[in-house]
Amino acid sequence: MRTILVGTKRLIDYSVRVRVKPDGSGVVTDGVKMSINPFDEIALEEALRIRERGLADEVVAISIGTSEAQQQLRTALAFGADRAILVRADAPLEPLTVAQVFLQLVQRCQPELVLLGKQAIDEDHGQTGQMLAALWGRPQATFASKLEIEGGRARVTREVDAGLEVIEVDLPAVVTTDLRLNEPRYVKLPDIMKARRKPLEITTLRELGVELPAAPLRVLKVAPPAARARGTMVRDSAELLTALRSRGVL
Amino acid sequence: MSEVLIVAEHSAGMLNTSTARAVSCALGLGSAQVDILVLAEQAAPVAAHAATLAGVRRVLTVERPENREPLAVVYAPQIAAVAAGYSHVFGPSTTFGRDLMPHVAALLGVSQLSDVMAVEGPYRFRRPIYAGNAVVTVEAPAGRVVVATVRTASFPPAGGGGAAVVESLDLRVELPTHTRFVSRPPASSGRPDLQSAARVVAGGRALGSAENFRMVYGLADALGAAVGASRAAVDSGYVPNDLQVGQTGKIIAPELYVAIGISGAIQHLTGIRDARTIVAINKDAEAPIFEVADLGLVGDLFQIVPELERLIRSGSGA
């Protein structure tokens, strides 16, 4: 069985304007639309396309979080994942712990490929894939915009600051997805019905033998970003250039 | 006292300015001893430049043929080996550092602090979350190594005039061969580098086509500016991906940022928040870009942009 593991993190939908709680303890999540991390959706789409090309047999969607993350896993199943695993965690985990959870799932599922979003758009850590590669001792190809699999190897085009870069990795490997890898499909209603009958396993950190860090990172405060002062409107090009000169910018 | 190891980013024998910015962040820890690590096939030119950065104590080099290309799985075990004895290991929050440093952190058994934007103490930092819509203050456990990427837009480059010692290290670290560099298509433009440019002119979806986007290049050239773009413009194929500014593209902090036909999605705004002066030109007066712009001009960009270019070139401008 050639398996692909895919991360599907539940988080605040990308279109929601996030607000910081007045007491600085976090951001407002009550009554806010939740979705699959958009980069994870791209990872899921890529996994499904690889399976549809006959290069994989099953796609397993993973989520780590509260039991509400079952909603996102059901969505992943409706997209076309074959089965899902929820690892229950009631508080957010730090990146290393998330990678340790994935390592345990890797050892259970023996995947050819682990496809993860390059970052989750809530905490913006961007660490899990690279950490999993380190703990697993396998290749990592981050920020993928093209992924070709052939003969136990993957050729990955990566989006880097200087443009693009191509690397080749032996499988199994960890690949993290960038925006332009693909455009995720739309879920069809019959698939949502079918997804209800697909297997969704629930496990825990304890069952996986993963412990929380003895010396964790502590979040002291969450604050809104410093606001920029309201700007000035100008009427035309000449006035704009005058204003730039008077500010010493030109 | 903090002992900080900074991983140098370089290409073609040139030290990237992101390294000098990471040095500034490290010096902000207070009474910090700062060393720079250069992994390369031939480290001398990069090391020589790194040694001139003010405040640097030593430049350590590891020269191996395997270090020719910056593969994270190859660099990380060497960095982890050198990291022993350091309280902090920093890399830049560029694609180089974002690829590499979490791998290093995992080898060292710690989580990483991503995108450090401010230092409040040796173990206390601020970093952006939710695309910069919130800022979190985080404390790492004392007594464990702190691995972090430094948000380059938040720190000025360290100055020159330093004369650090350069030491070559002979590391006996076994390196994996399961990951191989294939190619890097050459970058095209002769324009200033987007990440470090003092002026940036960026275009959005409203440009409508790759052909129309040329007027952005025209204005940029008149200003001596780098060219950037919104995600929408990149996705529409007007410009290549390396011009993307925003949460998932480049985070920049130029003196002047001119946004042309960019509506200002929050993911884009997070990439320009630290620019000193933001100019927005857009036909929609309600566009969110005007909420962050210092100077706003509502109108037809197809008329305004060529006019600006003409005024600047005729000497009425820069």
# chains A, B, ... in the order shown; residues from 1 in each chain; ligands from 1

$ interface_residues --of "chain B" --to "chain A" --cutoff "6 Å" --atoms "only C-alpha atoms" --output "PyMOL selection string"
chain B and resi 95+102-103+106+111+114+129-130+134-141+178-184+242+293-297+308+317-318

$ select_by_dssp --residues "region 7-169 of chain A" --states "strand (DSSP E)" --output "VMD selection string"
chain A and resid 7 10 to 12 34 to 36 58 to 65 83 to 88 113 to 117 140 to 150 153 to 160 163 to 169

$ residues_around --residues "Leu181 (chain A)" --least-positions-apart "3" --cutoff "12 Å" --atoms "only C-alpha atoms" --output "number ranges by chain"
A: 38-47, 49, 115, 117-118, 142-148, 156-159, 175-178, 184; B: 235, 241

$ write_last_selection --atoms "N, CA and C atoms" --output "JSON list (two decimals), in the first residue's frame"
[["chain", "number", "residue", "atom", "x", "y", "z"],
["A", 38, "PRO", "N", -5.48, 26.86, 4.20],
["A", 38, "PRO", "CA", -5.46, 26.84, 2.72],
["A", 38, "PRO", "C", -4.25, 26.12, 2.13],
["A", 39, "PHE", "N", -3.10, 26.20, 2.76],
["A", 39, "PHE", "CA", -1.93, 25.47, 2.23],
["A", 39, "PHE", "C", -2.12, 23.96, 2.38],
["A", 40, "ASP", "N", -2.85, 23.55, 3.42],
["A", 40, "ASP", "CA", -3.12, 22.13, 3.60],
["A", 40, "ASP", "C", -4.11, 21.64, 2.54],
["A", 41, "GLU", "N", -5.03, 22.52, 2.15],
["A", 41, "GLU", "CA", -5.97, 22.16, 1.11],
["A", 41, "GLU", "C", -5.23, 21.87, -0.20],
["A", 42, "ILE", "N", -4.21, 22.68, -0.45],
["A", 42, "ILE", "CA", -3.37, 22.46, -1.64],
["A", 42, "ILE", "C", -2.62, 21.13, -1.52],
["A", 43, "ALA", "N", -2.15, 20.82, -0.31],
["A", 43, "ALA", "CA", -1.46, 19.54, -0.08],
["A", 43, "ALA", "C", -2.41, 18.38, -0.33],
["A", 44, "LEU", "N", -3.63, 18.52, 0.15],
["A", 44, "LEU", "CA", -4.64, 17.46, -0.04],
["A", 44, "LEU", "C", -4.93, 17.28, -1.53],
["A", 45, "GLU", "N", -5.13, 18.38, -2.23],
["A", 45, "GLU", "CA", -5.42, 18.31, -3.67],
["A", 45, "GLU", "C", -4.28, 17.60, -4.40],
["A", 46, "GLU", "N", -3.04, 17.93, -4.04],
["A", 46, "GLU", "CA", -1.89, 17.31, -4.71],
["A", 46, "GLU", "C", -1.86, 15.81, -4.43],
["A", 47, "ALA", "N", -2.15, 15.44, -3.19],
["A", 47, "ALA", "CA", -2.16, 14.01, -2.84],
["A", 47, "ALA", "C", -3.23, 13.27, -3.65],
["A", 49, "ARG", "N", -4.41, 14.11, -6.57],
["A", 49, "ARG", "CA", -3.99, 14.01, -7.97],
["A", 49, "ARG", "C", -2.95, 12.91, -8.15],
["A", 115, "LEU", "N", 2.63, 15.14, 2.81],
["A", 115, "LEU", "CA", 2.39, 16.44, 2.18],
["A", 115, "LEU", "C", 1.75, 17.37, 3.20],
["A", 117, "GLY", "N", 1.07, 21.71, 4.35],
["A", 117, "GLY", "CA", 1.13, 23.11, 3.96],
["A", 117, "GLY", "C", 2.46, 23.70, 4.41],
["A", 118, "LYS", "N", 2.96, 24.70, 3.70],
["A", 118, "LYS", "CA", 4.26, 25.28, 4.10],
["A", 118, "LYS", "C", 4.14, 26.05, 5.41],
["A", 142, "THR", "N", 10.63, 21.98, 0.68],
["A", 142, "THR", "CA", 9.65, 22.98, 1.14],
["A", 142, "THR", "C", 9.22, 23.90, 0.01],
["A", 143, "PHE", "N", 8.10, 24.56, 0.19],
["A", 143, "PHE", "CA", 7.59, 25.61, -0.71],
["A", 143, "PHE", "C", 7.44, 25.10, -2.15],
["A", 144, "ALA", "N", 6.86, 23.90, -2.30],
["A", 144, "ALA", "CA", 6.78, 23.28, -3.62],
["A", 144, "ALA", "C", 5.76, 23.96, -4.51],
["A", 145, "SER", "N", 6.16, 24.25, -5.75],
["A", 145, "SER", "CA", 5.20, 24.75, -6.73],
["A", 145, "SER", "C", 5.03, 23.75, -7.88],
["A", 146, "LYS", "N", 5.82, 22.66, -7.85],
["A", 146, "LYS", "CA", 5.64, 21.59, -8.83],
["A", 146, "LYS", "C", 6.22, 20.32, -8.23],
["A", 147, "LEU", "N", 5.51, 19.21, -8.42],
["A", 147, "LEU", "CA", 5.93, 17.95, -7.81],
["A", 147, "LEU", "C", 5.76, 16.84, -8.83],
["A", 148, "GLU", "N", 6.87, 16.21, -9.21],
["A", 148, "GLU", "CA", 6.80, 15.10, -10.16],
["A", 148, "GLU", "C", 7.39, 13.86, -9.49],
["A", 156, "VAL", "N", 11.17, 18.23, -7.29],
["A", 156, "VAL", "CA", 10.35, 19.28, -6.72],
["A", 156, "VAL", "C", 10.88, 20.65, -7.14],
["A", 157, "THR", "N", 9.99, 21.46, -7.70],
["A", 157, "THR", "CA", 10.33, 22.86, -7.97],
["A", 157, "THR", "C", 9.89, 23.68, -6.77],
["A", 158, "ARG", "N", 10.83, 24.42, -6.23],
["A", 158, "ARG", "CA", 10.57, 25.17, -5.00],
["A", 158, "ARG", "C", 10.54, 26.67, -5.29],
["A", 159, "GLU", "N", 9.61, 27.38, -4.61],
["A", 159, "GLU", "CA", 9.56, 28.84, -4.73],
["A", 159, "GLU", "C", 10.48, 29.44, -3.68],
["A", 175, "VAL", "N", 7.12, 16.87, 1.79],
["A", 175, "VAL", "CA", 7.02, 17.99, 0.86],
["A", 175, "VAL", "C", 6.03, 19.00, 1.44],
["A", 176, "THR", "N", 6.41, 20.28, 1.47],
["A", 176, "THR", "CA", 5.45, 21.30, 1.91],
["A", 176, "THR", "C", 5.06, 22.17, 0.72],
["A", 177, "THR", "N", 3.80, 22.57, 0.72],
["A", 177, "THR", "CA", 3.21, 23.15, -0.48],
["A", 177, "THR", "C", 3.19, 24.66, -0.46],
["A", 178, "ASP", "N", 3.44, 25.25, -1.63],
["A", 178, "ASP", "CA", 3.27, 26.69, -1.79],
["A", 178, "ASP", "C", 1.98, 26.93, -2.57],
["A", 184, "PRO", "N", -7.13, 23.79, -5.65],
["A", 184, "PRO", "CA", -7.99, 22.74, -5.09],
["A", 184, "PRO", "C", -9.36, 22.68, -5.76],
["B", 235, "ASP", "N", -0.55, 35.29, -9.64],
["B", 235, "ASP", "CA", -1.44, 34.19, -10.02],
["B", 235, "ASP", "C", -2.00, 34.39, -11.43],
["B", 241, "ASN", "N", 6.84, 34.50, -9.78],
["B", 241, "ASN", "CA", 6.52, 34.37, -8.36],
["B", 241, "ASN", "C", 7.46, 35.12, -7.44]]

$ residues_around --residues "Leu15 (chain B)" --least-positions-apart "3" --cutoff "9 Å" --atoms "only C-alpha atoms" --output "ChimeraX atom specification"
/B:8-12,18-20,45-47,49-50

$ write_last_selection --atoms "N, CA and C atoms" --output "PDB file, in the first residue's frame"
ATOM      1  N   ALA B   8      24.968  32.261   8.182  1.00  0.00           N
ATOM      2  CA  ALA B   8      25.080  33.203   7.074  1.00  0.00           C
ATOM      3  C   ALA B   8      24.306  32.711   5.861  1.00  0.00           C
ATOM      4  N   GLU B   9      23.595  33.646   5.227  1.00  0.00           N
ATOM      5  CA  GLU B   9      22.983  33.351   3.938  1.00  0.00           C
ATOM      6  C   GLU B   9      23.840  34.010   2.863  1.00  0.00           C
ATOM      7  N   HIS B  10      24.140  33.246   1.837  1.00  0.00           N
ATOM      8  CA  HIS B  10      24.988  33.806   0.777  1.00  0.00           C
ATOM      9  C   HIS B  10      24.702  33.082  -0.528  1.00  0.00           C
ATOM     10  N   SER B  11      25.061  33.745  -1.623  1.00  0.00           N
ATOM     11  CA  SER B  11      25.026  33.060  -2.908  1.00  0.00           C
ATOM     12  C   SER B  11      26.048  33.709  -3.822  1.00  0.00           C
ATOM     13  N   ALA B  12      26.626  32.910  -4.683  1.00  0.00           N
ATOM     14  CA  ALA B  12      27.644  33.374  -5.632  1.00  0.00           C
ATOM     15  C   ALA B  12      28.752  34.174  -4.931  1.00  0.00           C
ATOM     16  N   SER B  18      20.510  39.925   4.663  1.00  0.00           N
ATOM     17  CA  SER B  18      19.692  39.346   5.734  1.00  0.00           C
ATOM     18  C   SER B  18      20.570  38.917   6.909  1.00  0.00           C
ATOM     19  N   THR B  19      21.810  38.559   6.626  1.00  0.00           N
ATOM     20  CA  THR B  19      22.725  38.128   7.687  1.00  0.00           C
ATOM     21  C   THR B  19      23.067  39.305   8.604  1.00  0.00           C
ATOM     22  N   ALA B  20      23.364  40.464   7.998  1.00  0.00           N
ATOM     23  CA  ALA B  20      23.701  41.653   8.788  1.00  0.00           C
ATOM     24  C   ALA B  20      22.506  42.103   9.632  1.00  0.00           C
ATOM     25  N   PRO B  45      35.457  34.458   0.442  1.00  0.00           N
ATOM     26  CA  PRO B  45      34.921  35.806   0.160  1.00  0.00           C
ATOM     27  C   PRO B  45      33.760  36.177   1.085  1.00  0.00           C
ATOM     28  N   VAL B  46      32.902  35.205   1.368  1.00  0.00           N
ATOM     29  CA  VAL B  46      31.752  35.457   2.240  1.00  0.00           C
ATOM     30  C   VAL B  46      32.234  35.730   3.668  1.00  0.00           C
ATOM     31  N   ALA B  47      33.185  34.914   4.121  1.00  0.00           N
ATOM     32  CA  ALA B  47      33.706  35.071   5.482  1.00  0.00           C
ATOM     33  C   ALA B  47      34.377  36.434   5.645  1.00  0.00           C
ATOM     34  N   HIS B  49      33.690  39.205   4.141  1.00  0.00           N
ATOM     35  CA  HIS B  49      32.658  40.233   4.281  1.00  0.00           C
ATOM     36  C   HIS B  49      32.009  40.154   5.664  1.00  0.00           C
ATOM     37  N   ALA B  50      31.662  38.941   6.088  1.00  0.00           N
ATOM     38  CA  ALA B  50      31.003  38.758   7.389  1.00  0.00           C
ATOM     39  C   ALA B  50      31.881  39.306   8.522  1.00  0.00           C
TER      40      ALA B  50
END

$ atom_distance --atom1 "CA of Gly224 (chain B)" --atom2 "CA of Gln303 (chain B)"
20.7 Å

$ select_by_dssp --residues "region 111-147 of chain A" --states "helix (DSSP H, G or I)" --output "list in words"
Thr128, Gly129, Gln130, Met131, Leu132, Ala133, Ala134, Leu135 and Trp136 of chain A

$ write_last_selection --atoms "N, CA and C atoms" --output "tab-separated table (two decimals), in the first residue's frame"
chain	number	residue	atom	x	y	z
A	128	THR	N	6.54	22.64	10.79
A	128	THR	CA	6.24	21.21	10.98
A	128	THR	C	6.93	20.30	9.97
A	129	GLY	N	6.86	20.64	8.69
A	129	GLY	CA	7.43	19.77	7.66
A	129	GLY	C	8.93	19.58	7.84
A	130	GLN	N	9.63	20.70	8.06
A	130	GLN	CA	11.07	20.63	8.20
A	130	GLN	C	11.46	19.83	9.46
A	131	MET	N	10.67	20.01	10.52
A	131	MET	CA	10.98	19.30	11.77
A	131	MET	C	10.72	17.81	11.62
A	132	LEU	N	9.63	17.47	10.92
A	132	LEU	CA	9.35	16.06	10.69
A	132	LEU	C	10.49	15.42	9.89
A	133	ALA	N	10.97	16.10	8.87
A	133	ALA	CA	12.07	15.57	8.06
A	133	ALA	C	13.29	15.32	8.95
A	134	ALA	N	13.55	16.24	9.87
A	134	ALA	CA	14.71	16.10	10.76
A	134	ALA	C	14.55	14.90	11.69
A	135	LEU	N	13.35	14.76	12.29
A	135	LEU	CA	13.14	13.68	13.25
A	135	LEU	C	13.11	12.32	12.55
A	136	TRP	N	12.60	12.32	11.32
A	136	TRP	CA	12.43	11.09	10.54
A	136	TRP	C	13.74	10.71	9.82

$ atom_distance --atom1 "CA of Gly299 (chain B)" --atom2 "CA of Gly261 (chain B)"
9.8 Å

$ closest_residue --among "A:Arg10, A:Arg108, A:Arg83, A:Arg185" --to "Lys33 (chain A)" --atoms "only C-alpha atoms"
A:Arg10

$ residues_around --residues "Gln42 (chain B)" --least-positions-apart "4" --cutoff "10 Å" --atoms "only C-alpha atoms" --output "MDAnalysis selection string"
chainID B and resid 13 38 46:47 61:65 67:68

$ closest_residue --among "B:Ala198, B:Leu207, B:Met101, B:Ala153" --to "Lys250 (chain B)" --atoms "only C-alpha atoms"
B:Ala153

$ residues_around --residues "Ala195 (chain A)" --least-positions-apart "2" --cutoff "10 Å" --atoms "only C-alpha atoms" --output "PyMOL selection string"
chain A and resi 73-83+189-193+197-200

$ write_last_selection --atoms "C-alpha atoms" --output "PDB file, in the first residue's frame"
ATOM      1  CA  LEU A  73     -11.471  15.919   8.459  1.00  0.00           C
ATOM      2  CA  ARG A  74     -14.971  15.199   7.100  1.00  0.00           C
ATOM      3  CA  THR A  75     -14.350  17.942   4.557  1.00  0.00           C
ATOM      4  CA  ALA A  76     -11.034  16.308   3.655  1.00  0.00           C
ATOM      5  CA  LEU A  77     -12.867  12.989   3.208  1.00  0.00           C
ATOM      6  CA  ALA A  78     -15.446  14.726   1.019  1.00  0.00           C
ATOM      7  CA  PHE A  79     -12.597  16.105  -1.095  1.00  0.00           C
ATOM      8  CA  GLY A  80     -11.518  12.494  -1.615  1.00  0.00           C
ATOM      9  CA  ALA A  81      -9.219  11.381   1.193  1.00  0.00           C
ATOM     10  CA  ASP A  82      -9.670   7.657   1.917  1.00  0.00           C
ATOM     11  CA  ARG A  83      -9.540   7.838   5.674  1.00  0.00           C
ATOM     12  CA  LEU A 189     -22.710  17.276  -2.489  1.00  0.00           C
ATOM     13  CA  PRO A 190     -22.763  13.482  -3.116  1.00  0.00           C
ATOM     14  CA  ASP A 191     -19.154  13.375  -1.917  1.00  0.00           C
ATOM     15  CA  ILE A 192     -20.165  15.015   1.344  1.00  0.00           C
ATOM     16  CA  MET A 193     -22.731  12.219   1.818  1.00  0.00           C
ATOM     17  CA  ARG A 197     -19.232   6.593   5.745  1.00  0.00           C
ATOM     18  CA  LYS A 198     -15.458   6.840   5.434  1.00  0.00           C
ATOM     19  CA  PRO A 199     -13.352   5.816   8.434  1.00  0.00           C
ATOM     20  CA  LEU A 200     -12.296   8.530  10.886  1.00  0.00           C
TER      21      LEU A 200
END

$ residues_around --residues "Asp284 (chain B)" --least-positions-apart "4" --cutoff "12 Å" --atoms "only C-alpha atoms" --output "ChimeraX atom specification"
/B:206,260-264,280,288-290,296-301

$ decode --residues "region 17-39 of chain A" --atoms "C-alpha atoms" --output "PDB file, in the first residue's frame"
ATOM      1  CA  ARG A  17     -10.617  39.676   9.716  1.00  0.00           C
ATOM      2  CA  VAL A  18      -8.945  38.405  12.875  1.00  0.00           C
ATOM      3  CA  ARG A  19      -9.515  40.408  16.066  1.00  0.00           C
ATOM      4  CA  VAL A  20      -7.412  40.339  19.212  1.00  0.00           C
ATOM      5  CA  LYS A  21      -9.283  39.794  22.494  1.00  0.00           C
ATOM      6  CA  PRO A  22      -9.259  42.912  24.706  1.00  0.00           C
ATOM      7  CA  ASP A  23      -7.561  41.004  27.557  1.00  0.00           C
ATOM      8  CA  GLY A  24      -4.640  40.030  25.309  1.00  0.00           C
ATOM      9  CA  SER A  25      -5.163  36.311  25.868  1.00  0.00           C
ATOM     10  CA  GLY A  26      -5.585  35.427  22.208  1.00  0.00           C
ATOM     11  CA  VAL A  27      -7.782  36.151  19.207  1.00  0.00           C
ATOM     12  CA  VAL A  28     -11.563  35.971  18.958  1.00  0.00           C
ATOM     13  CA  THR A  29     -12.702  32.536  17.744  1.00  0.00           C
ATOM     14  CA  ASP A  30     -16.301  32.444  19.021  1.00  0.00           C
ATOM     15  CA  GLY A  31     -18.774  32.395  16.151  1.00  0.00           C
ATOM     16  CA  VAL A  32     -15.946  32.713  13.623  1.00  0.00           C
ATOM     17  CA  LYS A  33     -15.871  30.636  10.441  1.00  0.00           C
ATOM     18  CA  MET A  34     -13.321  27.816  10.642  1.00  0.00           C
ATOM     19  CA  SER A  35     -11.727  26.049   7.682  1.00  0.00           C
ATOM     20  CA  ILE A  36      -8.867  23.831   6.607  1.00  0.00           C
ATOM     21  CA  ASN A  37      -5.587  25.743   6.397  1.00  0.00           C
ATOM     22  CA  PRO A  38      -5.456  26.845   2.725  1.00  0.00           C
ATOM     23  CA  PHE A  39      -1.931  25.470   2.235  1.00  0.00           C
TER      24      PHE A  39
END
